[in-house]
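Worksheet: the structure to be examined is printed underneath.
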Amino acid sequence: MDPANHLRERFGKALRQATLRLSLLYWSCMFVADSVLGYFIRIDPVESAPLKFVLFGASALMTYAMSRVLFRLRHLSFTHKALLCFGMTAVAAPVFTAIDFLNYMLCEYPEPVSFDPLYAGYMLLEGASMLFGWSCLFMALLYNFEVRDRERRLAMVREEALMAQMRALRYQVNPHFLFNTLNSIAGLIEEGAATRAERMVLSLSTFLRTTLALDPMHDVALAEELRLQQDYLAIERERYADRMDFTVDVPFDLRQALVPSLLIQPLIENAIKHGVGQTLEHTRIHIVARRRQENLWLAVENDVHPGTACRQTTTGFGIGLRNVAERIRMRFGKEGAFRIDTADSTRFRVEIELPWRVA
């Protein structure tokens, strides 16, 4: 079913149910109020109850018909709907009065009943007040449902836009990574390391098959995210095995924490590109995770060797890091954080804070 049609059906069904409940409550209150007022003018509420039940039951049917008309013409302006309420009340109020007079005739039968214009005028005013009051209540109910329906539609549009933007940001990472990896494979081929290049191609195939199957809107356990990064590092080790070291410091009880899929990969890619790739020195990449109250704190660090610090701090804010920061901002708002720490001249650290959630 089309989502728009589904929403319209849900709207109509919910409104009908609310109208039925409101009608039952409204006319029950009118029944009680009329019985109490009748008691003060010496009308027995028990004897008059069947007649009132018929009168207010018929009135409930009339207001149901009025509600259907208002619902079908809900696209009219407020002024036109107000005039429509006055018009329907003007038609229904005499019917209300006629039903009351017929009730009175049945109650007095077989005695003849004379028409009392003054009493009929009172009943006409009473009926008009009740029926117009119902029209106003239904207009308020209809307006409330329209506002809530509009809010739901806007929320759906915002959610769809957010999902589209999140996917766009997520898929920007893959071409960036693919470009770097293909450059690495080309470098191995130029060096004559065909066997290592072949292993790297197979590792790349495995990694892409796994990552492209992930939904960017679904979270994964931190343990699974770390396993994916080990597959990624298997690719990079083929090129930098002699000068790259990789350590993970993540306590076991944190490994079930939920994180957006492939959130760490651009950080590791950045560390390899600007930390390992800019020097012939041995470079250590370190992943750390800690729980800080109700947040999960993650950091990816890499060594900064003399002569490379300036370059990394000026070029390390590329598309990968920007996308991570944007994903966190869009997904978690103020509950998430993305920071780059360059205070230590020998280390380059990217820090992430996410709300603590467990799989």
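Order determines the names: the first chain of the structure tokens is A, the second B, and so forth; residues in each chain are numbered 1 upward, and ligands are numbered 1 upward as they are shown.
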Legend entry - Nearby residues (only C-alpha atoms) at most 10 Å from stretch 42-49 of chain A, same-chain spacing under 3 positions excluded, as a VMD selection string: chain A and resid 31 to 32 34 to 39 52 to 55 103 to 104 107
Legend entry - DSSP-assigned alpha helix (DSSP H) among stretch 12-121 of chain A, expressed as a PyMOL selection string: chain A and resi 12-40+45-72+78-108+117-121
Inset, instruction - Please provide as number ranges by chain all residues within 7 Å of A:Phe338, with the sequence filter that same-chain residues fewer than 5 positions apart are discarded (counting only C-alpha atoms). - result: A: 325, 351-353
Inset, instruction - For A:Ala120, work out the shell of residues within 8 Å, counting only C-alpha atoms and skipping chain neighbours fewer than 5 positions away, then give it as a list in words. - result: Thr97, Phe101 and Phe115 of chain A
Residues from the last selection, all heavy atoms, saved as a short mmCIF file (atom, residue, chain, number, x, y, z; two decimals), in the first residue's frame:
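Below is the file selection.cif, written as the result:
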data_model
loop_
_atom_site.label_atom_id
_atom_site.label_comp_id
_atom_site.auth_asym_id
_atom_site.auth_seq_id
_atom_site.Cartn_x
_atom_site.Cartn_y
_atom_site.Cartn_z
N THR A 97 -36.32 20.15 18.14
CA THR A 97 -37.54 20.62 18.80
C THR A 97 -38.73 19.75 18.43
O THR A 97 -39.58 19.41 19.27
CB THR A 97 -37.83 22.08 18.39
OG1 THR A 97 -36.69 22.89 18.68
CG2 THR A 97 -39.04 22.63 19.13
N PHE A 101 -41.21 17.52 20.83
CA PHE A 101 -42.67 17.68 20.84
C PHE A 101 -43.36 16.33 20.60
O PHE A 101 -44.36 16.01 21.24
CB PHE A 101 -43.09 18.69 19.78
CG PHE A 101 -44.56 18.98 19.77
CD1 PHE A 101 -45.15 19.68 20.82
CD2 PHE A 101 -45.37 18.52 18.73
CE1 PHE A 101 -46.52 19.94 20.82
CE2 PHE A 101 -46.74 18.77 18.74
CZ PHE A 101 -47.31 19.48 19.78
N PHE A 115 -49.85 22.97 21.18
CA PHE A 115 -48.50 23.47 20.89
C PHE A 115 -48.25 24.75 21.68
O PHE A 115 -49.03 25.69 21.62
CB PHE A 115 -48.37 23.75 19.39
CG PHE A 115 -47.03 24.28 18.99
CD1 PHE A 115 -45.91 23.46 18.95
CD2 PHE A 115 -46.88 25.64 18.68
CE1 PHE A 115 -44.68 23.97 18.59
CE2 PHE A 115 -45.65 26.15 18.32
CZ PHE A 115 -44.53 25.31 18.28
#
Inset, instruction - Find the residues near stretch 223-234 of chain A: any atom within 9 Å, counting only C-alpha atoms, skip ones fewer than 4 places away on the same chain, and give them as an MDAnalysis selection string. - result: chainID A and resid 200 203:204 206:207 210:211 238 246 248 252 254:257 259:265 268:269
Would you mind listing what lies within 8 Å of stretch 16-27 of chain A as a PDB file with N, CA and C atoms, in the first residue's frame, with only C-alpha atoms counted and same-chain residues fewer than 5 positions away left out?
ATOM      1  N   PHE A  56     -31.846  12.540  22.841  1.00  0.00           N
ATOM      2  CA  PHE A  56     -30.394  12.717  22.711  1.00  0.00           C
ATOM      3  C   PHE A  56     -29.772  11.665  21.787  1.00  0.00           C
ATOM      4  N   ALA A  60     -27.593  12.632  18.683  1.00  0.00           N
ATOM      5  CA  ALA A  60     -26.273  12.058  18.394  1.00  0.00           C
ATOM      6  C   ALA A  60     -26.169  11.644  16.930  1.00  0.00           C
ATOM      7  N   TRP A 134     -21.643  21.063  19.891  1.00  0.00           N
ATOM      8  CA  TRP A 134     -21.004  19.858  19.349  1.00  0.00           C
ATOM      9  C   TRP A 134     -20.167  20.200  18.106  1.00  0.00           C
ATOM     10  N   PHE A 138     -16.281  19.349  17.624  1.00  0.00           N
ATOM     11  CA  PHE A 138     -15.768  18.517  16.533  1.00  0.00           C
ATOM     12  C   PHE A 138     -14.753  19.286  15.689  1.00  0.00           C
ATOM     13  N   LEU A 141     -11.611  19.065  17.529  1.00  0.00           N
ATOM     14  CA  LEU A 141     -11.066  17.718  17.398  1.00  0.00           C
ATOM     15  C   LEU A 141     -10.435  17.510  16.026  1.00  0.00           C
TER      16      LEU A 141
END
